[in-house]
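Structure file input-v5.pdb; described as PDB, C-alpha atoms.
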```pdb
ATOM      1  CA  MET A   1     -41.284 208.374-124.914
ATOM      2  CA  GLU A   2     -42.518 210.543-122.057
ATOM      3  CA  ARG A   3     -43.038 209.043-118.597
ATOM      4  CA  GLU A   4     -46.772 209.848-118.627
ATOM      5  CA  ASP A   5     -47.188 208.091-121.983
ATOM      6  CA  LEU A   6     -45.482 204.952-120.659
ATOM      7  CA  ILE A   7     -47.774 204.974-117.631
ATOM      8  CA  ARG A   8     -50.852 205.280-119.880
ATOM      9  CA  ARG A   9     -49.577 202.367-121.959
ATOM     10  CA  ALA A  10     -49.177 200.196-118.849
ATOM     11  CA  GLN A  11     -52.709 201.151-117.814
ATOM     12  CA  ARG A  12     -53.905 200.037-121.271
ATOM     13  CA  VAL A  13     -52.294 196.640-120.729
ATOM     14  CA  ASN A  14     -54.226 196.191-117.492
ATOM     15  CA  ALA A  15     -57.462 197.331-119.156
ATOM     16  CA  ALA A  16     -56.848 194.898-122.031
ATOM     17  CA  TRP A  17     -56.522 191.986-119.579
ATOM     18  CA  ASN A  18     -59.884 192.959-118.126
ATOM     19  CA  THR A  19     -61.574 192.616-121.539
ATOM     20  CA  HIS A  20     -60.883 188.850-121.390
ATOM     21  CA  ASP A  21     -59.808 188.978-125.042
ATOM     22  CA  PRO A  22     -56.282 187.618-125.587
ATOM     23  CA  LEU A  23     -55.931 189.555-128.847
ATOM     24  CA  ASN A  24     -56.615 192.835-127.034
ATOM     25  CA  VAL A  25     -53.647 192.038-124.810
ATOM     26  CA  ALA A  26     -51.350 190.796-127.590
ATOM     27  CA  VAL A  27     -51.700 193.829-129.884
ATOM     28  CA  LEU A  28     -49.998 195.973-127.240
ATOM     29  CA  PHE A  29     -46.808 193.931-127.664
ATOM     30  CA  ALA A  30     -44.233 194.149-130.443
ATOM     31  CA  PRO A  31     -44.549 191.262-132.932
ATOM     32  CA  GLU A  32     -41.175 189.834-131.805
ATOM     33  CA  CYS A  33     -41.612 190.528-128.085
ATOM     34  CA  THR A  34     -40.149 188.486-125.257
ATOM     35  CA  THR A  35     -42.165 187.545-122.172
ATOM     36  CA  ARG A  36     -41.483 185.517-119.098
ATOM     37  CA  GLU A  37     -42.977 184.877-115.704
ATOM     38  CA  SER A  38     -40.647 184.721-112.713
ATOM     39  CA  GLY A  39     -39.468 181.221-111.993
ATOM     40  CA  GLN A  40     -40.301 179.955-115.464
ATOM     41  CA  ARG A  41     -37.735 179.239-118.123
ATOM     42  CA  PRO A  42     -37.247 179.733-120.972
ATOM     43  CA  ALA A  43     -38.686 183.072-122.012
ATOM     44  CA  GLN A  44     -41.461 182.957-124.615
ATOM     45  CA  HIS A  45     -41.313 184.919-127.858
ATOM     46  CA  GLY A  46     -43.866 186.657-130.062
ATOM     47  CA  ARG A  47     -47.448 187.777-129.747
ATOM     48  CA  GLN A  48     -48.680 184.177-129.908
ATOM     49  CA  ALA A  49     -46.973 183.555-126.558
ATOM     50  CA  ILE A  50     -48.985 186.446-125.111
ATOM     51  CA  VAL A  51     -52.205 185.024-126.589
ATOM     52  CA  ARG A  52     -51.505 181.522-125.209
ATOM     53  CA  ARG A  53     -50.803 182.809-121.692
ATOM     54  CA  ALA A  54     -53.916 185.013-121.664
ATOM     55  CA  GLN A  55     -56.076 182.134-122.955
ATOM     56  CA  MET A  56     -54.753 179.867-120.198
ATOM     57  CA  TYR A  57     -55.631 182.327-117.424
ATOM     58  CA  PHE A  58     -59.004 183.287-118.926
ATOM     59  CA  ARG A  59     -59.974 179.588-119.155
ATOM     60  CA  ALA A  60     -58.863 178.928-115.579
ATOM     61  CA  PHE A  61     -60.435 182.107-114.127
ATOM     62  CA  VAL A  62     -63.462 183.124-116.191
ATOM     63  CA  ASP A  63     -64.167 186.051-113.847
ATOM     64  CA  PHE A  64     -60.544 187.236-113.925
ATOM     65  CA  ASP A  65     -60.133 190.868-112.891
ATOM     66  CA  SER A  66     -57.006 192.929-112.387
ATOM     67  CA  ARG A  67     -56.552 196.306-110.783
ATOM     68  CA  LEU A  68     -53.469 198.453-110.700
ATOM     69  CA  ALA A  69     -52.073 199.327-107.290
ATOM     70  CA  ALA A  70     -49.194 201.464-108.611
ATOM     71  CA  VAL A  71     -47.490 202.379-111.879
ATOM     72  CA  ASN A  72     -44.190 204.123-112.465
ATOM     73  CA  ALA A  73     -41.859 204.627-115.405
ATOM     74  CA  ASP A  74     -38.275 205.582-116.092
ATOM     75  CA  GLY A  75     -36.562 205.743-119.473
ATOM     76  CA  SER A  76     -38.136 203.066-121.674
ATOM     77  CA  MET A  77     -39.185 200.922-118.688
ATOM     78  CA  CYS A  78     -42.519 200.838-116.901
ATOM     79  CA  PHE A  79     -43.353 199.012-113.672
ATOM     80  CA  SER A  80     -46.913 198.149-112.724
ATOM     81  CA  ARG A  81     -47.952 196.582-109.427
ATOM     82  CA  TRP A  82     -51.285 194.806-109.704
ATOM     83  CA  VAL A  83     -53.750 192.640-107.827
ATOM     84  CA  ALA A  84     -55.569 189.932-109.789
ATOM     85  CA  VAL A  85     -58.653 188.132-108.506
ATOM     86  CA  GLY A  86     -60.734 185.327-109.893
ATOM     87  CA  THR A  87     -62.520 182.063-109.222
ATOM     88  CA  HIS A  88     -60.737 178.904-110.318
ATOM     89  CA  THR A  89     -63.372 177.394-112.620
ATOM     90  CA  GLY A  90     -61.118 175.843-115.298
ATOM     91  CA  ALA A  91     -58.046 173.635-115.375
ATOM     92  CA  LEU A  92     -54.693 175.352-114.776
ATOM     93  CA  HIS A  93     -51.451 173.496-115.530
ATOM     94  CA  GLY A  94     -53.222 170.188-114.933
ATOM     95  CA  LEU A  95     -54.883 171.303-111.697
ATOM     96  CA  ALA A  96     -58.605 170.583-111.848
ATOM     97  CA  PRO A  97     -60.966 173.469-111.049
ATOM     98  CA  THR A  98     -61.322 174.017-107.312
ATOM     99  CA  GLY A  99     -64.041 176.673-107.276
ATOM    100  CA  ARG A 100     -61.860 178.726-104.943
ATOM    101  CA  ARG A 101     -61.618 182.490-105.247
ATOM    102  CA  VAL A 102     -58.050 183.770-105.244
ATOM    103  CA  GLU A 103     -56.345 187.128-104.913
ATOM    104  CA  ILE A 104     -52.755 187.383-106.133
ATOM    105  CA  GLU A 105     -50.397 190.348-106.141
ATOM    106  CA  GLY A 106     -47.686 190.845-108.716
ATOM    107  CA  CYS A 107     -45.547 193.263-110.651
ATOM    108  CA  SER A 108     -45.057 193.508-114.400
ATOM    109  CA  VAL A 109     -41.963 195.156-115.814
ATOM    110  CA  TYR A 110     -42.311 196.347-119.393
ATOM    111  CA  GLU A 111     -39.674 197.669-121.753
ATOM    112  CA  PHE A 112     -41.159 199.622-124.634
ATOM    113  CA  ASP A 113     -39.760 199.970-128.139
ATOM    114  CA  PRO A 114     -39.596 203.387-129.864
ATOM    115  CA  ASN A 115     -43.025 202.759-131.468
ATOM    116  CA  GLY A 116     -44.724 202.320-128.092
ATOM    117  CA  TYR A 117     -45.087 198.530-128.171
ATOM    118  CA  ILE A 118     -43.909 196.297-125.355
ATOM    119  CA  GLN A 119     -40.628 194.772-126.470
ATOM    120  CA  SER A 120     -40.046 192.720-123.337
ATOM    121  CA  GLU A 121     -42.061 191.830-120.266
ATOM    122  CA  THR A 122     -41.168 190.108-117.032
ATOM    123  CA  VAL A 123     -43.978 189.266-114.626
ATOM    124  CA  TYR A 124     -43.049 188.758-110.973
ATOM    125  CA  TRP A 125     -45.622 187.088-108.775
ATOM    126  CA  ASP A 126     -45.849 184.488-106.018
ATOM    127  CA  GLN A 127     -46.854 181.294-107.766
ATOM    128  CA  GLY A 128     -46.656 179.438-104.446
ATOM    129  CA  ALA A 129     -49.329 181.746-103.026
ATOM    130  CA  LEU A 130     -51.638 180.813-105.888
ATOM    131  CA  LEU A 131     -51.076 177.102-105.259
ATOM    132  CA  ARG A 132     -51.749 177.591-101.518
ATOM    133  CA  GLU A 133     -54.951 179.535-102.203
ATOM    134  CA  LEU A 134     -56.106 176.785-104.587
ATOM    135  CA  GLY A 135     -55.373 174.121-101.959
ATOM    136  CA  ALA A 136     -52.789 172.442-104.186
ATOM    137  CA  ILE A 137     -50.017 172.646-101.573
ATOM    138  CA  ASP A 138     -49.887 172.713 -97.791
ATOM    139  CA  PRO A 139     -50.549 176.241 -96.470
ATOM    140  CA  GLY A 140     -47.428 175.962 -94.287
ATOM    141  CA  LEU A 141     -45.135 175.469 -97.271
ATOM    142  CA  LEU A 142     -43.313 178.270 -99.053
ATOM    143  CA  GLY A 143     -43.874 180.874 -96.341
TER
END
```
Any chance you could put this one into structure tokens?
Amino acid sequence: MEREDLIRRAQRVNAAWNTHDPLNVAVLFAPECTTRESGQRPAQHGRQAIVRRAQMYFRAFVDFDSRLAAVNADGSMCFSRWVAVGTHTGALHGLAPTGRRVEIEGCSVYEFDPNGYIQSETVYWDQGALLRELGAIDPGLLG
């Protein structure tokens, strides 16, 4: 797959997240994909894992919005740096809604299969920063 095509596919992933429809996100992944967020084990498998994660974030941040800061590709890999914003209006991992607006930066690394679907994804982001912004941990902790 050409570099420009991989970049367009990563841009589609970001656009799909901004539709707030978990199925729009999941259809961009191979049926037997693997996904994981940094610091979380084990990896999750299949499109249903993508749907569950998207549902969780859309419930917690009903005004969720993501913008791409940079995208690059090499071989079958694509790297997208993003900034996500939203207001915490729903429960997230047991944390009651705080009403706080957050802005989180991260990077998603995608590996595409020959058919153009995401075969594997790793999302790197500062989960401690989210907890600080939500007031769940002391601002002096975790840097």
By how many Å are atom CA of A:Gly99 and atom CA of A:Arg52 apart?
22.4 Å
Kindly assemble as CSV a list of the stretch 2-39 of chain A residues that lie within 10 Å of stretch 105-111 of chain A, each paired with its nearest atom pair and their distance in Å to one decimal, using all atoms listed in the file, sorted first by chain and then by ascending residue number.
```
residue,atom,partner,partner_atom,distance
A:Leu6,CA,A:Tyr110,CA,9.3
A:Arg9,CA,A:Tyr110,CA,9.8
A:Ala10,CA,A:Tyr110,CA,7.9
A:Phe29,CA,A:Tyr110,CA,9.7
A:Cys33,CA,A:Glu111,CA,9.7
A:Thr34,CA,A:Glu111,CA,9.8
A:Thr35,CA,A:Tyr110,CA,9.2
A:Arg36,CA,A:Ser108,CA,9.9
A:Glu37,CA,A:Ser108,CA,9.0
A:Ser38,CA,A:Ser108,CA,10.0
```
Write out, as a tab-separated table (two decimals), in the coordinates of the input, the residues just selected, with C-alpha atoms.
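Result file follows (selection24.tsv):
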```
chain	number	residue	atom	x	y	z
A	6	LEU	CA	-45.48	204.95	-120.66
A	9	ARG	CA	-49.58	202.37	-121.96
A	10	ALA	CA	-49.18	200.20	-118.85
A	29	PHE	CA	-46.81	193.93	-127.66
A	33	CYS	CA	-41.61	190.53	-128.08
A	34	THR	CA	-40.15	188.49	-125.26
A	35	THR	CA	-42.16	187.54	-122.17
A	36	ARG	CA	-41.48	185.52	-119.10
A	37	GLU	CA	-42.98	184.88	-115.70
A	38	SER	CA	-40.65	184.72	-112.71
```
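The coordinates place atom CA of A:Phe61 at 8.9 Å from atom CA of A:Leu92.
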Just the residues within 12 Å of stretch 77-81 of chain A, please, counting all atoms listed in the file, with nothing from its chain fewer than 3 positions along; format it as a PyMOL selection string.
chain A and resi 1-14+66-74+84+104-114+116-125
Which residues fall under the PyMOL selection byres ((chain A and resi 55) around 12) in this file, as a list in words?
Trp17, Thr19, His20, Asp21, Pro22, Leu23, Asn24, Val25, Ala26, Gln48, Ala49, Ile50, Val51, Arg52, Arg53, Ala54, Met56, Tyr57, Phe58, Arg59, Ala60, Phe61, Val62, Phe64, Gly90, Ala91 and Leu92 of chain A
Between atom CA of A:Asp63 and atom CA of A:Pro97, what is the distance, to one decimal in Å?
13.3 Å
Per-axis box centre and lengths in Å around stretch 32-42 of chain A, 3 Å margin per side, axis-aligned, as AutoDock Vina command-line options:
```
--center_x -40.1 --center_y 184.9 --center_z -121.9 --size_x 11.7 --size_y 17.3 --size_z 25.8
```
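Between A:Arg100 and the residues A:Leu134, A:Ala129, A:Ala30, A:Arg47, the shortest atom-to-atom distance, using only C-alpha atoms, involves A:Leu134.
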Looking at only C-alpha atoms, which of A:Gly75, A:Gly46, A:Gly39, A:Gly86 is the one that sits closest to A:Glu133?
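Checking each of A:Gly75, A:Gly46, A:Gly39, A:Gly86 against A:Glu133, counting only C-alpha atoms, the winner is A:Gly86.
Residues with any atom within 12 Å of the point (-58.6, 173.9, -102.4), counting all atoms listed in the file, are A:Thr87, A:His88, A:Thr89, A:Leu95, A:Ala96, A:Pro97, A:Thr98, A:Gly99, A:Arg100, A:Arg101, A:Val102, A:Leu130, A:Leu131, A:Arg132, A:Glu133, A:Leu134, A:Gly135, A:Ala136, A:Ile137, A:Asp138, A:Pro139.
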With distances taken over all atoms listed in the file, which residue among A:Ala43, A:Asp126, A:Asp65, A:Val83 lies nearest A:Ala15?
A:Asp65
